[in-house]
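Below is model_10.txt, which holds compact mmCIF, C-alpha atoms.
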# COMPACT_ATOMS: atom_id res chain seq x y z
CA MET G 1 156.92 59.87 173.21
CA THR G 2 159.29 62.11 171.26
CA PHE G 3 158.39 64.36 168.35
CA GLU G 4 160.40 65.78 165.48
CA PRO G 5 161.10 69.49 165.99
CA LEU G 6 158.51 71.64 164.21
CA ARG G 7 159.65 73.85 161.34
CA SER G 8 157.99 76.57 159.33
CA PRO G 9 155.97 75.23 156.37
CA ALA G 10 157.70 74.84 153.00
CA GLY G 11 157.80 78.11 151.13
CA THR G 12 157.63 80.28 154.26
CA HIS G 13 160.39 81.83 156.31
CA ASP G 14 161.13 83.57 159.58
CA VAL G 15 162.65 87.05 159.54
CA LEU G 16 164.98 87.39 162.53
CA TRP G 17 167.06 90.31 163.73
CA PRO G 18 169.32 91.71 162.31
CA GLN G 19 167.64 90.92 158.96
CA SER G 20 164.41 92.37 160.32
CA ALA G 21 166.19 95.70 160.82
CA ARG G 22 166.36 96.03 157.04
CA TRP G 23 162.61 95.39 156.79
CA GLU G 24 162.00 98.01 159.44
CA ARG G 25 164.03 100.57 157.52
CA ILE G 26 162.32 99.92 154.17
CA ILE G 27 158.81 99.82 155.62
CA GLY G 28 159.41 102.95 157.70
CA ASP G 29 160.76 104.84 154.70
CA PHE G 30 157.81 103.70 152.59
CA ALA G 31 155.27 104.80 155.22
CA ASP G 32 156.90 108.24 155.42
CA ARG G 33 157.10 108.56 151.63
CA ALA G 34 153.48 107.48 151.10
CA ARG G 35 152.34 110.09 153.63
CA LEU G 36 154.08 112.81 151.61
CA TYR G 37 151.99 111.78 148.60
CA GLY G 38 148.76 111.84 150.63
CA TYR G 39 148.26 108.10 151.29
CA LYS G 40 146.85 106.73 154.55
CA LEU G 41 147.27 103.25 156.02
CA LEU G 42 144.60 100.62 155.27
CA ILE G 43 144.53 97.21 157.00
CA THR G 44 142.29 94.51 155.50
CA PRO G 45 141.76 90.83 156.47
CA VAL G 46 144.18 88.18 155.29
CA ILE G 47 141.22 85.94 154.41
CA GLU G 48 138.57 87.01 151.90
CA ASP G 49 135.60 85.51 150.10
CA ALA G 50 137.21 83.45 147.32
CA ARG G 51 134.85 85.02 144.78
CA LEU G 52 136.64 88.33 145.24
CA PHE G 53 139.70 86.97 143.46
CA SER G 54 137.99 84.68 140.93
CA ARG G 55 135.95 87.65 139.71
CA GLY G 56 138.83 90.10 139.82
CA PHE G 57 141.54 87.96 138.24
CA GLY G 58 139.42 85.77 135.99
CA ASP G 59 138.90 82.03 136.49
CA ALA G 60 141.45 81.29 133.75
CA SER G 61 144.29 83.08 135.54
CA ASP G 62 147.15 81.07 136.99
CA VAL G 63 146.59 82.68 140.39
CA VAL G 64 143.01 81.40 140.65
CA GLY G 65 143.54 78.10 138.87
CA LYS G 66 146.89 77.00 140.27
CA GLU G 67 148.21 79.19 143.08
CA MET G 68 145.45 80.46 145.36
CA TYR G 69 144.95 78.90 148.79
CA VAL G 70 141.21 78.15 148.98
CA PHE G 71 139.42 76.44 151.86
CA GLU G 72 135.98 75.97 153.37
CA ASP G 73 135.56 77.29 156.89
CA ARG G 74 133.44 75.76 159.66
CA GLY G 75 130.41 77.70 158.46
CA GLY G 76 130.62 76.30 154.94
CA ARG G 77 131.94 79.53 153.40
CA THR G 78 134.58 79.29 150.65
CA LEU G 79 137.43 81.57 151.64
CA ALA G 80 140.87 82.30 150.23
CA LEU G 81 144.14 83.55 151.63
CA ARG G 82 144.82 86.85 149.95
CA PRO G 83 147.19 86.39 146.95
CA GLU G 84 147.75 90.14 146.39
CA GLY G 85 146.69 93.50 147.76
CA THR G 86 144.61 95.37 145.18
CA ALA G 87 141.38 93.36 145.17
CA SER G 88 141.03 93.61 148.97
CA VAL G 89 141.45 97.39 148.80
CA VAL G 90 138.73 97.70 146.16
CA ARG G 91 136.45 95.40 148.18
CA ALA G 92 136.97 97.63 151.23
CA TYR G 93 136.15 100.69 149.11
CA ILE G 94 132.92 99.11 147.85
CA GLN G 95 131.94 98.00 151.34
CA HIS G 96 132.62 101.27 153.19
CA ARG G 97 132.16 103.85 150.40
CA PRO G 98 134.71 106.44 151.59
CA ALA G 99 134.83 109.80 149.84
CA THR G 100 136.97 109.91 146.72
CA PRO G 101 139.70 110.39 145.85
CA TRP G 102 140.59 107.60 148.28
CA LYS G 103 144.35 107.08 148.61
CA VAL G 104 145.65 104.26 150.82
CA TRP G 105 148.87 102.37 151.44
CA TYR G 106 149.22 98.86 152.82
CA LEU G 107 151.66 96.30 154.13
CA THR G 108 150.38 92.77 153.83
CA PRO G 109 151.37 89.11 153.65
CA ALA G 110 150.23 87.45 150.42
CA PHE G 111 149.90 83.74 149.70
CA ARG G 112 150.47 81.77 146.52
CA TYR G 113 151.17 78.09 146.11
CA GLU G 114 154.13 77.96 143.76
CA ARG G 115 157.61 76.51 143.71
CA PRO G 116 159.72 78.43 146.23
CA GLN G 117 162.59 80.38 144.69
CA ALA G 118 165.00 83.10 145.74
CA GLY G 119 162.82 86.03 146.72
CA ARG G 120 159.57 84.16 146.04
CA TYR G 121 157.81 82.39 148.88
CA ARG G 122 154.39 80.84 149.36
CA GLN G 123 153.89 83.51 151.99
CA HIS G 124 155.53 86.71 150.87
CA HIS G 125 155.01 90.34 151.84
CA GLN G 126 153.99 93.34 149.80
CA ILE G 127 153.94 97.07 150.31
CA GLY G 128 151.81 99.09 147.96
CA VAL G 129 149.40 101.93 147.36
CA GLU G 130 146.02 102.26 145.67
CA ALA G 131 144.26 105.46 144.56
CA LEU G 132 140.57 105.26 143.68
CA GLY G 133 138.24 107.87 142.23
CA VAL G 134 140.44 109.78 139.76
CA ASP G 135 141.15 108.90 136.12
CA SER G 136 144.17 111.04 135.32
CA PRO G 137 147.39 110.26 133.44
CA GLU G 138 149.12 112.79 135.70
CA GLN G 139 148.18 110.59 138.65
CA ASP G 140 149.56 107.57 136.78
CA ALA G 141 152.93 109.29 136.52
CA GLU G 142 152.79 110.33 140.18
CA ILE G 143 152.15 106.72 141.23
CA ILE G 144 155.16 105.60 139.18
CA ASP G 145 157.25 108.36 140.77
CA LEU G 146 156.29 107.07 144.25
CA ALA G 147 157.17 103.48 143.31
CA MET G 148 160.53 104.45 141.80
CA GLY G 149 161.36 106.63 144.80
CA THR G 150 160.61 103.78 147.19
CA ILE G 151 162.85 101.34 145.33
CA ARG G 152 165.70 103.82 144.91
CA ALA G 153 165.50 104.71 148.61
CA ALA G 154 166.15 101.04 149.37
CA GLY G 155 169.50 101.51 147.62
CA LEU G 156 168.85 99.94 144.23
CA SER G 157 170.38 101.63 141.19
CA ASP G 158 170.63 98.90 138.53
CA ILE G 159 166.91 99.05 137.74
CA GLU G 160 164.76 99.78 134.72
CA LEU G 161 161.21 101.08 134.43
CA LEU G 162 159.06 99.40 131.78
CA VAL G 163 155.78 101.03 130.74
CA ASN G 164 152.94 100.15 128.39
CA SER G 165 149.26 100.80 127.83
CA MET G 166 146.73 97.98 127.77
CA GLY G 167 144.05 100.10 126.17
CA CYS G 168 140.43 100.07 127.27
CA GLU G 169 137.16 98.28 126.61
CA VAL G 170 136.95 100.09 123.25
CA CYS G 171 140.33 99.37 121.69
CA ARG G 172 141.62 96.30 123.51
CA PRO G 173 139.13 93.85 121.95
CA VAL G 174 140.27 95.05 118.53
CA TYR G 175 143.89 94.43 119.44
CA GLU G 176 143.09 91.04 120.95
CA GLY G 177 141.56 90.02 117.62
CA VAL G 178 144.70 91.06 115.74
CA LEU G 179 146.92 89.32 118.29
CA ARG G 180 144.81 86.15 118.17
CA ALA G 181 145.21 85.96 114.39
CA PHE G 182 149.00 86.42 114.71
CA LEU G 183 149.37 83.78 117.40
CA ALA G 184 147.26 81.29 115.45
CA GLU G 185 149.88 81.38 112.72
CA ASN G 186 152.73 80.84 115.19
CA VAL G 187 151.33 78.19 117.55
CA HIS G 188 154.01 75.68 116.52
CA ALA G 189 156.80 77.95 117.83
CA MET G 190 155.34 78.59 121.31
CA CYS G 191 156.30 76.92 124.58
CA ASP G 192 154.63 73.62 125.47
CA TYR G 193 152.06 75.23 127.75
CA HIS G 194 150.93 77.94 125.37
CA ARG G 195 150.74 75.60 122.39
CA GLU G 196 147.80 74.09 124.30
CA HIS G 197 146.38 77.14 126.08
CA TRP G 198 147.23 80.25 124.04
CA SER G 199 143.65 80.78 122.83
CA GLU G 200 142.17 81.02 126.37
CA VAL G 201 143.71 84.43 127.05
CA PRO G 202 145.98 85.42 124.13
CA LEU G 203 147.37 88.44 126.00
CA ARG G 204 149.06 86.13 128.50
CA VAL G 205 151.35 84.79 125.79
CA LEU G 206 152.93 88.25 125.77
CA ASP G 207 153.74 87.84 129.46
CA CYS G 208 155.36 84.42 129.03
CA LYS G 209 159.06 84.45 129.96
CA THR G 210 160.09 81.30 128.02
CA GLY G 211 162.54 81.75 125.19
CA GLU G 212 160.11 80.23 122.69
CA CYS G 213 157.24 82.57 123.42
CA ARG G 214 159.47 85.62 123.68
CA ALA G 215 160.90 84.84 120.25
CA VAL G 216 157.36 84.65 118.86
CA THR G 217 156.15 87.84 120.55
CA ASP G 218 159.20 89.85 119.46
CA SER G 219 157.42 90.40 116.17
CA ALA G 220 153.85 90.35 117.49
CA PRO G 221 151.53 93.29 116.73
CA ARG G 222 151.86 96.00 119.37
CA ILE G 223 148.92 97.29 121.33
CA SER G 224 150.32 100.82 121.05
CA GLU G 225 149.52 100.63 117.33
CA HIS G 226 145.84 99.89 118.06
CA LEU G 227 145.01 102.31 120.90
CA CYS G 228 141.93 104.47 120.53
CA ASP G 229 142.40 108.24 120.51
CA ALA G 230 141.52 108.61 124.22
CA CYS G 231 143.98 105.90 125.29
CA MET G 232 146.71 107.24 123.03
CA THR G 233 146.30 110.75 124.43
CA ALA G 234 146.40 109.45 128.00
CA PHE G 235 149.51 107.35 127.33
CA ASP G 236 151.28 110.27 125.64
CA THR G 237 150.55 112.42 128.71
CA VAL G 238 151.96 109.76 131.05
CA GLN G 239 155.20 109.69 129.05
CA THR G 240 155.43 113.49 129.00
CA GLU G 241 154.91 113.61 132.78
CA LEU G 242 157.64 111.01 133.35
CA GLN G 243 160.03 113.04 131.22
CA VAL G 244 159.23 116.20 133.19
CA LEU G 245 159.90 114.29 136.42
CA GLY G 246 163.24 113.09 135.06
CA ILE G 247 162.22 109.43 135.17
CA THR G 248 163.72 107.37 132.37
CA TYR G 249 161.67 104.47 131.04
CA THR G 250 161.48 101.84 128.33
CA LEU G 251 158.39 101.14 126.25
CA GLU G 252 157.70 97.39 126.50
CA HIS G 253 154.90 96.25 124.21
CA ARG G 254 154.74 92.84 125.94
CA LEU G 255 154.04 94.29 129.36
CA VAL G 256 150.45 93.26 130.10
CA ARG G 257 150.77 92.20 133.76
CA GLY G 258 149.04 89.06 134.97
CA PHE G 259 145.48 90.07 135.85
CA ASP G 260 142.44 90.72 133.69
CA TYR G 261 141.49 93.94 135.47
CA TYR G 262 144.29 96.18 134.16
CA THR G 263 143.44 99.02 131.73
CA ARG G 264 145.56 101.70 130.12
CA THR G 265 148.81 102.41 132.01
CA THR G 266 150.79 99.41 133.20
CA PHE G 267 154.34 99.47 134.52
CA GLU G 268 156.99 97.22 136.01
CA ILE G 269 160.30 97.94 137.70
CA ILE G 270 162.94 95.31 137.07
CA SER G 271 166.35 94.73 138.62
CA HIS G 272 169.13 93.79 136.22
CA SER G 273 171.01 92.18 139.09
CA LEU G 274 168.42 89.37 139.24
CA ASN G 275 167.71 86.42 136.98
CA ALA G 276 165.81 87.69 133.94
CA SER G 277 162.84 85.36 134.51
CA GLN G 278 162.29 86.62 138.09
CA ASN G 279 163.59 90.18 138.00
CA ALA G 280 160.49 92.29 138.71
CA VAL G 281 160.73 93.99 142.11
CA GLY G 282 157.54 96.01 141.75
CA GLY G 283 154.81 96.94 139.36
CA GLY G 284 151.23 97.98 138.89
CA GLY G 285 148.86 99.89 136.70
CA ARG G 286 145.40 101.31 136.17
CA TYR G 287 142.27 99.22 136.72
CA ASN G 288 139.32 101.40 135.82
CA GLY G 289 136.82 98.54 135.60
CA LEU G 290 137.67 96.50 138.68
CA SER G 291 135.08 98.09 140.96
CA GLU G 292 132.30 97.23 138.51
CA ILE G 293 133.59 93.66 138.14
CA LEU G 294 133.25 93.35 141.92
CA SER G 295 129.67 94.75 141.83
CA GLY G 296 130.71 98.20 142.97
CA PRO G 297 130.07 101.65 141.49
CA PRO G 298 132.07 102.77 138.43
CA THR G 299 135.32 103.96 140.01
CA PRO G 300 138.70 104.41 138.30
CA GLY G 301 141.75 103.20 140.16
CA ILE G 302 145.50 102.75 139.95
CA GLY G 303 148.14 101.30 142.25
CA PHE G 304 151.31 99.27 142.62
CA GLY G 305 152.82 96.57 144.77
CA ILE G 306 156.43 95.87 145.74
CA GLY G 307 157.52 92.46 146.97
CA LEU G 308 159.74 92.91 150.02
CA GLU G 309 161.54 89.57 149.75
CA ARG G 310 162.37 90.08 146.06
CA LEU G 311 163.42 93.66 146.75
CA LEU G 312 165.84 92.52 149.45
CA VAL G 313 167.33 89.83 147.19
CA ALA G 314 168.03 92.56 144.64
CA CYS G 315 169.50 94.74 147.39
CA ASP G 316 171.80 91.90 148.42
CA SER G 317 173.01 91.52 144.84
CA GLU G 318 173.89 95.23 144.75
CA GLY G 319 175.14 95.42 148.34
CA ALA G 320 172.37 97.87 149.23
CA VAL G 321 170.22 98.39 152.37
CA GLU G 322 173.07 98.16 154.81
CA TRP G 323 171.57 98.10 158.28
CA HIS G 324 173.05 99.98 161.17
CA ASP G 325 172.53 98.70 164.69
CA PRO G 326 171.62 101.80 166.72
CA GLY G 327 172.98 100.17 169.88
CA VAL G 328 171.76 101.00 173.38
CA ASP G 329 171.94 104.34 175.12
CA VAL G 330 172.18 103.06 178.69
CA TYR G 331 173.07 99.76 180.33
CA ILE G 332 172.27 99.48 184.04
CA ALA G 333 174.80 97.26 185.78
CA GLU G 334 173.35 96.08 189.09
CA LEU G 335 175.27 94.69 192.01
CA GLY G 336 172.35 93.61 194.11
CA ARG G 337 168.62 94.10 193.66
CA ASP G 338 166.41 97.06 194.47
CA THR G 339 163.07 98.28 193.12
CA GLU G 340 164.62 101.74 192.70
CA VAL G 341 166.55 100.33 189.73
CA SER G 342 163.34 99.34 187.98
CA LEU G 343 161.97 102.82 188.57
CA LEU G 344 165.15 104.41 187.17
CA ALA G 345 164.98 102.25 184.03
CA HIS G 346 161.33 103.24 183.62
CA GLN G 347 162.12 106.95 183.96
CA LEU G 348 165.02 106.79 181.50
CA ARG G 349 162.87 105.06 178.88
CA ASN G 350 160.10 107.61 179.35
CA ALA G 351 162.72 110.30 178.75
CA GLY G 352 163.45 108.72 175.36
CA TYR G 353 166.57 106.67 176.07
CA SER G 354 166.95 103.00 175.21
CA VAL G 355 167.85 100.99 178.31
CA GLU G 356 169.00 97.43 178.96
CA ARG G 357 169.78 95.84 182.30
CA SER G 358 170.79 92.51 183.75
CA TYR G 359 168.24 90.36 185.52
CA GLU G 360 170.83 87.85 186.67
CA ASN G 361 173.34 88.03 189.50
CA LYS G 362 176.43 88.37 187.33
CA SER G 363 179.72 90.03 188.17
CA LEU G 364 180.31 93.65 187.19
CA LYS G 365 182.94 92.53 184.69
CA ALA G 366 180.49 90.13 183.00
CA GLN G 367 177.78 92.78 182.89
CA LEU G 368 180.07 95.39 181.34
CA ARG G 369 181.26 92.86 178.78
CA TYR G 370 177.63 92.20 177.82
CA ALA G 371 176.97 95.95 177.66
CA GLY G 372 179.81 96.21 175.15
CA ARG G 373 178.26 93.51 172.97
CA LEU G 374 174.99 95.49 173.01
CA GLY G 375 176.81 98.62 171.86
CA ALA G 376 175.81 100.52 174.99
CA ARG G 377 177.16 104.05 175.22
CA ILE G 378 176.85 104.49 178.97
CA ALA G 379 176.84 102.11 181.92
CA LEU G 380 175.09 103.15 185.12
CA ILE G 381 176.64 101.13 187.94
CA ILE G 382 174.45 100.66 190.99
CA GLY G 383 175.38 98.65 194.06
CA ASP G 384 174.24 98.60 197.67
CA ARG G 385 176.43 101.61 198.52
CA GLU G 386 175.01 103.65 195.63
CA ILE G 387 171.47 102.76 196.70
CA ALA G 388 172.19 103.79 200.27
CA GLU G 389 173.85 107.07 199.30
CA ARG G 390 171.39 107.86 196.50
CA GLU G 391 174.14 107.97 193.91
CA VAL G 392 174.89 106.32 190.57
CA ILE G 393 178.25 105.77 188.88
CA LEU G 394 178.07 106.94 185.23
CA LYS G 395 180.71 105.11 183.19
CA PRO G 396 181.14 106.08 179.49
CA LEU G 397 181.70 103.00 177.32
CA VAL G 398 182.31 104.56 173.90
CA SER G 399 184.79 107.26 174.82
CA LYS G 400 187.87 107.74 176.99
CA ASP G 401 186.01 109.98 179.44
CA GLU G 402 186.47 109.09 183.10
CA GLN G 403 183.58 107.69 185.07
CA PHE G 404 181.95 109.96 187.61
CA THR G 405 179.34 109.89 190.35
CA VAL G 406 175.91 111.43 189.83
CA GLY G 407 173.22 112.18 192.37
CA TRP G 408 170.14 110.02 191.90
CA ASP G 409 167.96 113.04 191.16
CA ARG G 410 170.30 114.15 188.33
CA VAL G 411 170.84 110.84 186.54
CA ILE G 412 168.47 111.55 183.64
CA GLN G 413 169.80 115.08 183.13
CA GLU G 414 173.48 113.98 183.23
CA THR G 415 172.78 111.02 180.95
CA GLY G 416 171.26 113.35 178.35
CA ARG G 417 174.09 115.88 178.73
CA TRP G 418 176.77 113.26 178.22
CA LEU G 419 175.01 111.63 175.25
CA GLU G 420 174.68 115.02 173.52
CA LYS G 421 178.36 115.71 174.16
CA TRP G 422 179.30 112.32 172.72
CA LYS G 423 177.21 112.85 169.59
CA LYS G 424 179.03 116.11 168.87
CA GLN G 425 182.48 114.56 169.12

Show this structure as structure tokens.
Amino acid sequence: MTFEPLRSPAGTHDVLWPQSARWERIIGDFADRARLYGYKLLITPVIEDARLFSRGFGDASDVVGKEMYVFEDRGGRTLALRPEGTASVVRAYIQHRPATPWKVWYLTPAFRYERPQAGRYRQHHQIGVEALGVDSPEQDAEIIDLAMGTIRAAGLSDIELLVNSMGCEVCRPVYEGVLRAFLAENVHAMCDYHREHWSEVPLRVLDCKTGECRAVTDSAPRISEHLCDACMTAFDTVQTELQVLGITYTLEHRLVRGFDYYTRTTFEIISHSLNASQNAVGGGGRYNGLSEILSGPPTPGIGFGIGLERLLVACDSEGAVEWHDPGVDVYIAELGRDTEVSLLAHQLRNAGYSVERSYENKSLKAQLRYAGRLGARIALIIGDREIAEREVILKPLVSKDEQFTVGWDRVIQETGRWLEKWKKQ
């Protein structure tokens, strides 16, 4: 019986080298940058109780209603594959009750059932941070600074920061009433979907990317005109902080993000090199009521997420995130077999040098050709005579230096000396 070759499921993808080298660079830079801001790594399960997301996002959200992967496990529990990072972080905070302020960063796969597009997959990957326990507009600006620094470090320059305030439990209901009245008079001009569903969550009409709804919301009442004094003061402080930090931004009254839990500061970073309907490479905001929604203690919070796949698509469009293959320090070319070679490779690696070797009985010419393809800087040639005389032939591969013989007990020292010399040339 023959079977069709298995492939990855629709909407997922494999990340192979050398593409994975770009991921490694971005993730490594983000981890280093997050540490400078005081964030520590948090790892949470990919599966969660489905109620975590239905409570956090709202049952009427597209994520819960249309996109979330939900299943019943063998014990009859209703679980979901995580669609984003924030809710899991807040759940972990409620469960473990760490001291606040609690500042964490994460790298996680996220799952949403939607039509695959460039940079959008049913399994995609996010990097992000969350800070719980402090309600400060200065922290809001610092979070935005971290997000912008991460994206610029990836090489993007044709980007724009959009900011808004979504108000709070005091002023947002007032604004929602004003917005509802406006939309009721303009239902006929909305897109097909929102002509039927606009009244469920009127704020989501502002987030609609269709030409019809954007034309309607161009003249919609702005939430900034209905903020309470506390929210207005906080939002003014955020803008002042961004100006002090030299971060340019655009006020976008339609920026409400997609989840019910956001309060006050919201922001999005868009790439102008991408299609306008799918141009957000990162975003986030404050969610001061999410812990209570999830049955936790009152705890303010703010964070952001950056989609790695979308970020890399934007980098490709700008020609950014060029990867550099570091090559190999040492290639051991063996003419024969001896356990001493395995020991030498082990010792070189422990000394901090990258080492490759051949495990096949190939000719010296074939081995050196392969070493060249690997970008090896040095070849150590070892045959039966070298084993017997406790010597190694050190052959430079990236310079015109002549090869020379090294005593076995000086191989690591001479390898390091030559590599340092080469680096200085």

Residues within 9 Å of Ala314 of chain G, all atoms listed in the file, excluding chain neighbours under 2 positions, as a PyMOL selection string: chain G and resi 119+156+271-274+279+281+309-312+316-320

Export of the given selection (C-alpha atoms) as a PDB file, in the frame of the given file:
ATOM      1  CA  GLY G 119     162.820  86.030 146.720  1.00  0.00           C
ATOM      2  CA  LEU G 156     168.850  99.940 144.230  1.00  0.00           C
ATOM      3  CA  SER G 271     166.350  94.730 138.620  1.00  0.00           C
ATOM      4  CA  HIS G 272     169.130  93.790 136.220  1.00  0.00           C
ATOM      5  CA  SER G 273     171.010  92.180 139.090  1.00  0.00           C
ATOM      6  CA  LEU G 274     168.420  89.370 139.240  1.00  0.00           C
ATOM      7  CA  ASN G 279     163.590  90.180 138.000  1.00  0.00           C
ATOM      8  CA  VAL G 281     160.730  93.990 142.110  1.00  0.00           C
ATOM      9  CA  GLU G 309     161.540  89.570 149.750  1.00  0.00           C
ATOM     10  CA  ARG G 310     162.370  90.080 146.060  1.00  0.00           C
ATOM     11  CA  LEU G 311     163.420  93.660 146.750  1.00  0.00           C
ATOM     12  CA  LEU G 312     165.840  92.520 149.450  1.00  0.00           C
ATOM     13  CA  ASP G 316     171.800  91.900 148.420  1.00  0.00           C
ATOM     14  CA  SER G 317     173.010  91.520 144.840  1.00  0.00           C
ATOM     15  CA  GLU G 318     173.890  95.230 144.750  1.00  0.00           C
ATOM     16  CA  GLY G 319     175.140  95.420 148.340  1.00  0.00           C
ATOM     17  CA  ALA G 320     172.370  97.870 149.230  1.00  0.00           C
TER      18      ALA G 320
END

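Closest approach to Met148 of chain G from the set G:Cys231, G:Leu374, G:Ile302, G:Ile269 is made by G:Ile269, with distances taken over all atoms listed in the file.
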
Polymer residues at most 12 Å from (153.9, 78.1, 116.7) by all atoms listed in the file, as a list in words: Ala181, Phe182, Leu183, Ala184, Glu185, Asn186, Val187, His188, Ala189, Met190, Cys191, Asp192, Tyr193, His194, Arg195, Glu196, Trp198, Val205, Glu212, Cys213, Arg214, Ala215, Val216 and Thr217 of chain G

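Atom pair atom CA of Lys400 of chain G / atom CA of Ala376 of chain G has a distance of 14.2 Å (rounded to one decimal).
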
Coordinates-based distance that separates atom CA of Pro221 of chain G from atom CA of Ala234 of chain G (Å, one decimal): 20.4 Å

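Proximity of G:Glu391, G:Asp32, G:Glu84, G:Glu252 to Pro109 of chain G, computed with only C-alpha atoms, is greatest for G:Glu84.
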
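Taking atom CA of Ala110 of chain G and atom CA of Asp135 of chain G as the two end points, the separation is 27.3 Å.
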
Would you mind listing, for every residue of segment 241-334 of chain G within 7 Å of segment 348-372 of chain G, the two atoms forming the shortest contact and the distance between them in Å to one decimal, using all atoms listed in the file, sorted by chain and ascending residue number, as CSV?
residue,atom,partner,partner_atom,distance
G:Val328,CA,G:Ser354,CA,5.5
G:Asp329,CA,G:Ser354,CA,5.2
G:Val330,CA,G:Val355,CA,4.8
G:Tyr331,CA,G:Glu356,CA,4.9
G:Ile332,CA,G:Arg357,CA,4.7
G:Ala333,CA,G:Gln367,CA,6.1
G:Glu334,CA,G:Ser358,CA,6.9

How would the residues just picked look written out with C-alpha atoms as a short mmCIF file (atom, residue, chain, number, x, y, z; two decimals), keeping the file's coordinate frame?
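Produced file again-v9.cif, reproduced below:
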data_model
loop_
_atom_site.label_atom_id
_atom_site.label_comp_id
_atom_site.auth_asym_id
_atom_site.auth_seq_id
_atom_site.Cartn_x
_atom_site.Cartn_y
_atom_site.Cartn_z
CA VAL G 328 171.76 101.00 173.38
CA ASP G 329 171.94 104.34 175.12
CA VAL G 330 172.18 103.06 178.69
CA TYR G 331 173.07 99.76 180.33
CA ILE G 332 172.27 99.48 184.04
CA ALA G 333 174.80 97.26 185.78
CA GLU G 334 173.35 96.08 189.09
#

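Between Lys66 of chain G and the residues G:Pro83, G:Leu344, G:Leu146, G:Arg204, the shortest atom-to-atom distance, using only C-alpha atoms, involves G:Pro83.
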
Residue with smallest distance to Ala10 of chain G - pool G:Thr265, G:Gln123, G:Thr415, G:Thr108, counting all atoms listed in the file: G:Gln123

List as CSV every residue of segment 138-178 of chain G that is in contact with segment 21-27 of chain G, defined as an atom at most 9 Å from one of its atoms (using only C-alpha atoms), together with the nearest atom pair and the distance in Å rounded to one decimal, sorted by chain and then rising number.
residue,atom,partner,partner_atom,distance
G:Thr150,CA,G:Ile26,CA,8.2
G:Ile151,CA,G:Ile26,CA,9.0
G:Ala153,CA,G:Ile26,CA,8.0
G:Ala154,CA,G:Ile26,CA,6.2

As a CSV table (one decimal) with C-alpha atoms, in the frame of the given file, please: the residues near Gln95 of chain G (cut-off 12 Å, only C-alpha atoms, same-chain neighbours under 6 positions excluded).
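Full text of result_7.csv as output:
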chain,number,residue,atom,x,y,z
G,44,THR,CA,142.3,94.5,155.5
G,88,SER,CA,141.0,93.6,149.0
G,89,VAL,CA,141.4,97.4,148.8
G,291,SER,CA,135.1,98.1,141.0
G,294,LEU,CA,133.2,93.4,141.9
G,295,SER,CA,129.7,94.8,141.8
G,296,GLY,CA,130.7,98.2,143.0
G,297,PRO,CA,130.1,101.6,141.5

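When all atoms listed in the file are used to compute distances to Leu290 of chain G, the closest of the residues G:Thr12, G:Ser20, G:Thr210, G:Thr86 turns out to be G:Thr86.
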
Residue among G:Asp218, G:Glu48, G:Glu200, G:Glu67 lying closest to Ala92 of chain G, counting all atoms listed in the file: G:Glu48

Distance query Lys421 of chain G at most 12 Å, all atoms listed in the file, self and fewer than 6 positions along chain excluded, as JSON, numbers by chain: {"G": [377, 396, 398, 399, 401, 414, 415]}

Polymer residues at most 8 Å from Phe235 of chain G, all atoms listed in the file, same-chain spacing of 6 or more positions, as a VMD selection string: chain G and resid 137 165 264 to 265
